[in-house]
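Written out below as structure tokens is the structure these notes cover.
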Amino acid sequence: MTENGGERITPTGTVPEERSTPTGTVPSVPAPPLSETQVPIVEVLASNIKEVWPSLVHSIKYSSFIALDLELSGLGDRKHLMKKHYTSSSAQRNFQRSVDDRYTAIVEAAKSRGVLALGVSCWRVTRDTPEPEYYVQTYNLLLLSRDNYTVEPDALQFLVEHGFDFNKQYKDGVSYTPSTEDMIIFKEKKTTEPIRDLFAAILQAKCPVVTHNGLIDLAFIYQSFYAPLPPTMSIFVADLQDMFKSGILDTKCVAEFLIRETATYLEYLFRKCSKRLKDAVTEGKPRLHISFSEHKAIKQWVNLVQCFASSSSSGKELCESFANHGYCKEGKGCKKSHNVDEAINSHDLPRY
């Protein structure tokens, strides 16, 4: 059994009947077909955080690496966030100005927008072989800032379309206080907040942290749960290096510059990897194995989420903008397909 009586389930086949972990042994159960597999995610709210807290902190403590993801109320002016200055002369100076301008825009966004949710996925290596096995425990924390913050209609619409429950967030979100210059006063009152304690636990775990296109997320995490953002990008990067001594891995960078994927937005990469995993299982090829905790002691707060690739088809012409970038300015008004699986299948076709 794992902590709190959680058992493991796996989408890649059966595993040995028992496996030792830092908390004892974990009995295996037969796996359902991968297409029917659902990922258990613990929803953490103000009303249940005390009950969930021991499991959450234990998962972090024994992680081999931790993946972090945020849902935000907005990002501000995207033109400034992506601003670039390149000329044939003085290229280095212009590049540095581009980085500084972008960092200034990120700081402004982190100070004025709110963190609505924090995803924490704890991965533990349980078998380090050519076919490695990972034991995964994932938590989704709904958050509510104590300070006023700006919301952007586009960001909220995107979240609603993906099932975000704003009623639950405002009613039962875990409160946090964003960092300000007078945080020393806050500390002198000896007031603690669960989210700041959680971030401290992540730092104390001293394991690698994984993000996707994570510069903005890391800036929001720093500002919201750690301290006011420093005045320059160079100081911010130095702080991150000191905070995360085991490193920060960015899956977008890996996909774009190492693997050279056709598209690198998160949903595309996740579904493509799950499709490859499914194909490997079907064809008996070497693959990684993933098992999930059922969180039996806190199962009333576990949501089973269908995540793996499907073979569904919309019957429409594929929207190239959405297929390549995960975004289409037409939104729901677009007459073409925004089906990620169809985009993956299209990109996988041989090119002549």
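The chains in the structure tokens are called A, B, ... from first to last as shown; in each chain the residues are counted from 1, and the ligands are counted from 1 in the order shown.
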Helix (DSSP H, G or I) positions in stretch 164-312 of chain A, given as a PyMOL selection string: chain A and resi 166-172+183-188+194-205+215-225+233-243+251-259+266-283+296-301
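Excluding A:Val340 itself and same-chain residues fewer than 6 positions from it, the residues having an atom within 10 Å of it are Glu267, Tyr268, Leu269, Arg271, Lys272, Ala309, Ser310, Ser312, Ser313, Leu318, Phe322, Ala323, Asn324, Gly326 and Ser346 of chain A, counting only C-alpha atoms.
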Residues near stretch 244-251 of chain A, cut-off 9 Å, only C-alpha atoms, skip fewer than 3 positions along chain, as a PyMOL selection string: chain A and resi 203+206-215+239-241+254-256+264+266+269
Saved selection, atoms kept: C-alpha atoms, as a CSV table (one decimal), in the first residue's frame:
```csv
chain,number,residue,atom,x,y,z
A,203,LEU,CA,12.1,23.6,-3.2
A,206,LYS,CA,15.6,19.3,-4.5
A,207,CYS,CA,14.5,17.4,-7.6
A,208,PRO,CA,14.2,18.7,-11.2
A,209,VAL,CA,11.1,20.7,-12.1
A,210,VAL,CA,9.4,20.3,-15.4
A,211,THR,CA,7.4,23.0,-17.2
A,212,HIS,CA,6.1,23.6,-20.7
A,213,ASN,CA,7.0,27.0,-22.1
A,214,GLY,CA,7.6,27.7,-18.5
A,215,LEU,CA,9.2,31.2,-18.3
A,239,ASP,CA,17.6,33.1,-8.5
A,240,LEU,CA,15.9,30.2,-10.4
A,241,GLN,CA,19.3,28.5,-10.7
A,254,VAL,CA,12.9,19.7,-25.9
A,255,ALA,CA,10.2,19.3,-28.5
A,256,GLU,CA,11.2,22.3,-30.6
A,264,THR,CA,4.9,22.1,-29.8
A,266,LEU,CA,1.1,21.2,-24.9
A,269,LEU,CA,2.6,16.9,-27.5
```
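Atom CA of A:Ala201 to atom CA of A:Pro178 spans 17.9 Å [interatomic distance, one decimal].
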What does the distance from atom CA of A:Ser321 to atom CA of A:Gln306 come to in Å, to one decimal?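 Taking atom CA of A:Ser321 and atom CA of A:Gln306, their separation equals 25.4 Å.
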Rank nothing, just name the residue among A:Asp341, A:Gly119, A:Gln300, A:Ser145 nearest to A:Cys273, using only C-alpha atoms. A:Asp341
Which neighbours of A:Asn148 fall inside 9 Å, counting only C-alpha atoms, when residues of the same chain fewer than 5 positions from it are skipped, and could you give them as a VMD selection string? chain A and resid 112 to 114
DSSP strand (DSSP E) selection over stretch 69-245 of chain A, as number ranges by chain: A: 69-72, 115-127, 133-145, 174-176, 209-211
Would you pick out the contacts of A:Glu320 at 10 Å or less, using only C-alpha atoms, so that residues sharing its chain but fewer than 3 positions from it are not included, and give the list as a PDB file with N, CA and C atoms, in the first residue's frame?
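Now in result02.pdb:
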```pdb
ATOM      1  N   GLU A 317     -12.402  19.684 -42.870  1.00  0.00           N
ATOM      2  CA  GLU A 317     -11.056  20.044 -43.299  1.00  0.00           C
ATOM      3  C   GLU A 317     -10.270  20.563 -42.099  1.00  0.00           C
ATOM      4  N   ALA A 323      -3.802  23.448 -36.068  1.00  0.00           N
ATOM      5  CA  ALA A 323      -2.979  22.235 -36.104  1.00  0.00           C
ATOM      6  C   ALA A 323      -1.524  22.529 -35.785  1.00  0.00           C
ATOM      7  N   ASN A 324      -1.018  23.658 -36.271  1.00  0.00           N
ATOM      8  CA  ASN A 324       0.401  23.976 -36.108  1.00  0.00           C
ATOM      9  C   ASN A 324       0.715  24.755 -34.839  1.00  0.00           C
ATOM     10  N   HIS A 325      -0.256  25.505 -34.332  1.00  0.00           N
ATOM     11  CA  HIS A 325       0.030  26.403 -33.211  1.00  0.00           C
ATOM     12  C   HIS A 325      -0.906  26.228 -32.015  1.00  0.00           C
ATOM     13  N   GLY A 326      -1.960  25.427 -32.167  1.00  0.00           N
ATOM     14  CA  GLY A 326      -2.919  25.272 -31.080  1.00  0.00           C
ATOM     15  C   GLY A 326      -3.795  26.491 -30.883  1.00  0.00           C
ATOM     16  N   TYR A 327      -3.824  27.364 -31.885  1.00  0.00           N
ATOM     17  CA  TYR A 327      -4.584  28.612 -31.767  1.00  0.00           C
ATOM     18  C   TYR A 327      -5.138  29.000 -33.136  1.00  0.00           C
ATOM     19  N   CYS A 328      -6.358  29.505 -33.121  1.00  0.00           N
ATOM     20  CA  CYS A 328      -6.975  30.019 -34.341  1.00  0.00           C
ATOM     21  C   CYS A 328      -7.734  31.281 -33.980  1.00  0.00           C
ATOM     22  N   LYS A 336     -13.428  25.000 -39.837  1.00  0.00           N
ATOM     23  CA  LYS A 336     -12.543  23.855 -40.027  1.00  0.00           C
ATOM     24  C   LYS A 336     -12.319  23.120 -38.709  1.00  0.00           C
ATOM     25  N   SER A 337     -11.668  21.987 -38.802  1.00  0.00           N
ATOM     26  CA  SER A 337     -11.492  21.115 -37.643  1.00  0.00           C
ATOM     27  C   SER A 337     -10.392  21.625 -36.709  1.00  0.00           C
ATOM     28  N   HIS A 338     -10.708  21.639 -35.403  1.00  0.00           N
ATOM     29  CA  HIS A 338      -9.739  21.939 -34.363  1.00  0.00           C
ATOM     30  C   HIS A 338      -9.456  20.678 -33.547  1.00  0.00           C
ATOM     31  N   ALA A 343      -4.858  16.576 -36.303  1.00  0.00           N
ATOM     32  CA  ALA A 343      -3.625  17.301 -36.601  1.00  0.00           C
ATOM     33  C   ALA A 343      -2.420  16.366 -36.509  1.00  0.00           C
TER      34      ALA A 343
END
```
Closest of A:Ser293, A:Ser314, A:Gln38, A:Ser55 to A:Tyr134, counting only C-alpha atoms, is A:Ser293
Please indicate the distance in Å from atom CA of A:Leu45 to atom CA of A:Ile216, rounded to one decimal place. 24.0 Å
Write out as a ChimeraX atom specification which residues come within 12 Å of A:Tyr222 when counting only C-alpha atoms, dropping same-chain ones fewer than 3 positions away. /A:106-107,110-111,115,178-180,195-196,199-200,203,214-219,225-230,236-237,239-240,243-244
Can you write out the residues you just picked, keeping C-alpha atoms, as an mmCIF file, in the first residue's frame?
```cif
data_model
loop_
_atom_site.group_PDB
_atom_site.id
_atom_site.type_symbol
_atom_site.label_atom_id
_atom_site.label_comp_id
_atom_site.auth_asym_id
_atom_site.auth_seq_id
_atom_site.Cartn_x
_atom_site.Cartn_y
_atom_site.Cartn_z
ATOM 1 C CA ILE A 106 6.105 39.374 -17.781
ATOM 2 C CA VAL A 107 6.692 41.136 -14.454
ATOM 3 C CA ALA A 110 2.590 38.570 -12.869
ATOM 4 C CA LYS A 111 1.870 41.559 -10.630
ATOM 5 C CA VAL A 115 -3.129 32.388 -10.550
ATOM 6 C CA PRO A 178 0.806 37.628 -3.818
ATOM 7 C CA SER A 179 4.229 38.983 -2.892
ATOM 8 C CA THR A 180 4.679 42.693 -2.280
ATOM 9 C CA ILE A 195 0.477 27.516 -1.020
ATOM 10 C CA ARG A 196 3.683 29.174 0.213
ATOM 11 C CA PHE A 199 6.204 25.835 -2.730
ATOM 12 C CA ALA A 200 8.735 25.587 0.107
ATOM 13 C CA LEU A 203 12.139 23.617 -3.158
ATOM 14 C CA GLY A 214 7.636 27.743 -18.466
ATOM 15 C CA LEU A 215 9.204 31.209 -18.287
ATOM 16 C CA ILE A 216 5.856 32.884 -17.628
ATOM 17 C CA ASP A 217 4.689 30.185 -15.200
ATOM 18 C CA LEU A 218 7.931 30.426 -13.236
ATOM 19 C CA ALA A 219 7.600 34.202 -13.025
ATOM 20 C CA PHE A 225 4.277 32.243 -3.788
ATOM 21 C CA TYR A 226 7.880 33.295 -3.119
ATOM 22 C CA ALA A 227 8.889 36.969 -3.294
ATOM 23 C CA PRO A 228 8.532 40.100 -5.458
ATOM 24 C CA LEU A 229 10.122 39.561 -8.835
ATOM 25 C CA PRO A 230 13.597 41.063 -9.157
ATOM 26 C CA PHE A 236 15.618 36.298 -11.931
ATOM 27 C CA VAL A 237 17.506 33.575 -13.814
ATOM 28 C CA ASP A 239 17.573 33.122 -8.465
ATOM 29 C CA LEU A 240 15.932 30.245 -10.352
ATOM 30 C CA MET A 243 16.275 27.738 -6.082
ATOM 31 C CA PHE A 244 16.136 24.724 -8.400
#
```
